[in-house]
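Chemist: Before I ask anything, let me first share the structure, which is written out below as structure tokens.
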Amino acid sequence: MTVVVLNFNKAFAPVATETIDDQTAAEFQAIRTSLEKQVEELQVQAMQQGDSREQPPACVMSDEIPAIDNYISYKDEKTSVSMKIPFSTKWQNNDCDFAPTQLYDAGVVSFGPETGVTTSERDARLSIKPAISVQEMDTWYKDLVASKKQKRTINGMTVISYDVEGLGGGLFWEGFGRSYHYVITSNGWLTDAEAVKIIQSLKVTK
């Protein structure tokens, strides 16, 4: 950051107008106004340069997101649930440190590529919630308003997947286990096959 220090105390000092004529006084005032304007412009430029230098390099994704080439082990500290998270080493571009997972909140982990160039939010998220009963699940599924609804059993656990359009929507996979209710969401990047792999890897490690 370039620091510019200008001292115009003498230039801005009041002029004894009784010793000069009106034309000279007007010229002095014009010079003073011009100098004040230049100082303001230099201060703005210095602040803008400082802001741009302080910004960390962005992990910007191209329109074509590189394919998954690795699976990372992750364990949620709150629930002791372990899982395998899909990842691509090619997401680590622009010399920035792109971690495979991002802790969103207690019991919630974000993963996948970033959703856009102006945000660090990941495309997908997995939430671990208290388990619900089969009766609650059946009632909820019957009343669910969504498209592509599918109910199946994966590793002995009932899993419901569906799509929701509009604001706050996306792709959803919900697993109803004995210990926890798992919810995977995606803005569109995560495929059903990869979501199933995550569900198959879920283990309570207490």
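Starting from 1 in every chain, residues are counted up; chains themselves are A, B, ... following the order of the structure tokens, and ligands are numbered from 1 as listed.
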Might you pull out every residue within 12 Å of segment 131-146 of chain A, with only C-alpha atoms counted and same-chain residues fewer than 2 positions away left off, and present them as a PyMOL selection string?
Modeler: chain A and resi 79+127-129+148-151+157-166+169-172+174-183
Chemist: Neighbours of Pro100 of chain A within 8 Å (only C-alpha atoms; same-chain residues fewer than 3 positions away dropped), as a list of chain:residue names?
Modeler: A:Ile72, A:Ile85, A:Pro86, A:Phe87, A:Phe111, A:Gly112
Chemist: Would you put the residues from that selection into a file with C-alpha atoms, as a short mmCIF file (atom, residue, chain, number, x, y, z; two decimals), in the first residue's frame?
Modeler:
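See out-v6.cif below for the written result:
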data_model
loop_
_atom_site.label_atom_id
_atom_site.label_comp_id
_atom_site.auth_asym_id
_atom_site.auth_seq_id
_atom_site.Cartn_x
_atom_site.Cartn_y
_atom_site.Cartn_z
CA ILE A 72 -11.81 -37.13 2.02
CA ILE A 85 -16.69 -36.37 1.19
CA PRO A 86 -16.14 -36.03 -2.61
CA PHE A 87 -13.38 -33.63 -3.64
CA PHE A 111 -18.43 -29.29 0.68
CA GLY A 112 -18.08 -29.31 -3.09
#
Chemist: Kindly give the distance, in Å, that separates atom CA of Lys206 of chain A and atom CA of Leu126 of chain A, rounded to a single decimal.
Modeler: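 Atom-to-atom, atom CA of Lys206 of chain A and atom CA of Leu126 of chain A are spaced 19.1 Å apart.
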Chemist: So that I can see what lies close to Lys203 of chain A, please list as a VMD selection string the residues with an atom at most 10 Å from it, counting only C-alpha atoms and leaving out residues fewer than 3 positions away in the same chain.
Modeler: chain A and resid 75 80 to 84 199 to 200 206
Chemist: Save out the residues we just selected, C-alpha atoms, as a compact mmCIF listing (two decimals), in the first residue's frame.
Modeler:
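Result file out13.txt:
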# COMPACT_ATOMS: atom_id res chain seq x y z
CA LYS A 75 -15.80 -36.65 11.22
CA SER A 80 -19.15 -38.42 16.11
CA VAL A 81 -20.50 -39.26 12.66
CA SER A 82 -17.81 -40.04 10.09
CA MET A 83 -18.22 -39.93 6.32
CA LYS A 84 -16.43 -39.73 2.97
CA ILE A 199 -24.89 -41.98 2.61
CA GLN A 200 -23.24 -45.40 2.32
CA LYS A 206 -18.90 -43.38 19.36
Chemist: Would you please work out which residue, of A:Ser201, A:Ser186, A:Gln29, A:Ser34, is nearest to Asn155 of chain A when using only C-alpha atoms?
Modeler: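 Of all the options, A:Ser201 lies closest to Asn155 of chain A.
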Chemist: Using only C-alpha atoms for the distances, tell me which of A:Thr205, A:Thr24, A:Gln38, A:Gln102 is nearest to Lys78 of chain A.
Modeler: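 Of all the options, A:Thr205 lies closest to Lys78 of chain A.
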Chemist: Using DSSP secondary structure from the backbone, list all strand (DSSP E) positions within segment 98-166 of chain A, as an MDAnalysis selection string.
Modeler: chainID A and resid 101:105 108:116 119:130 147:154 157:164
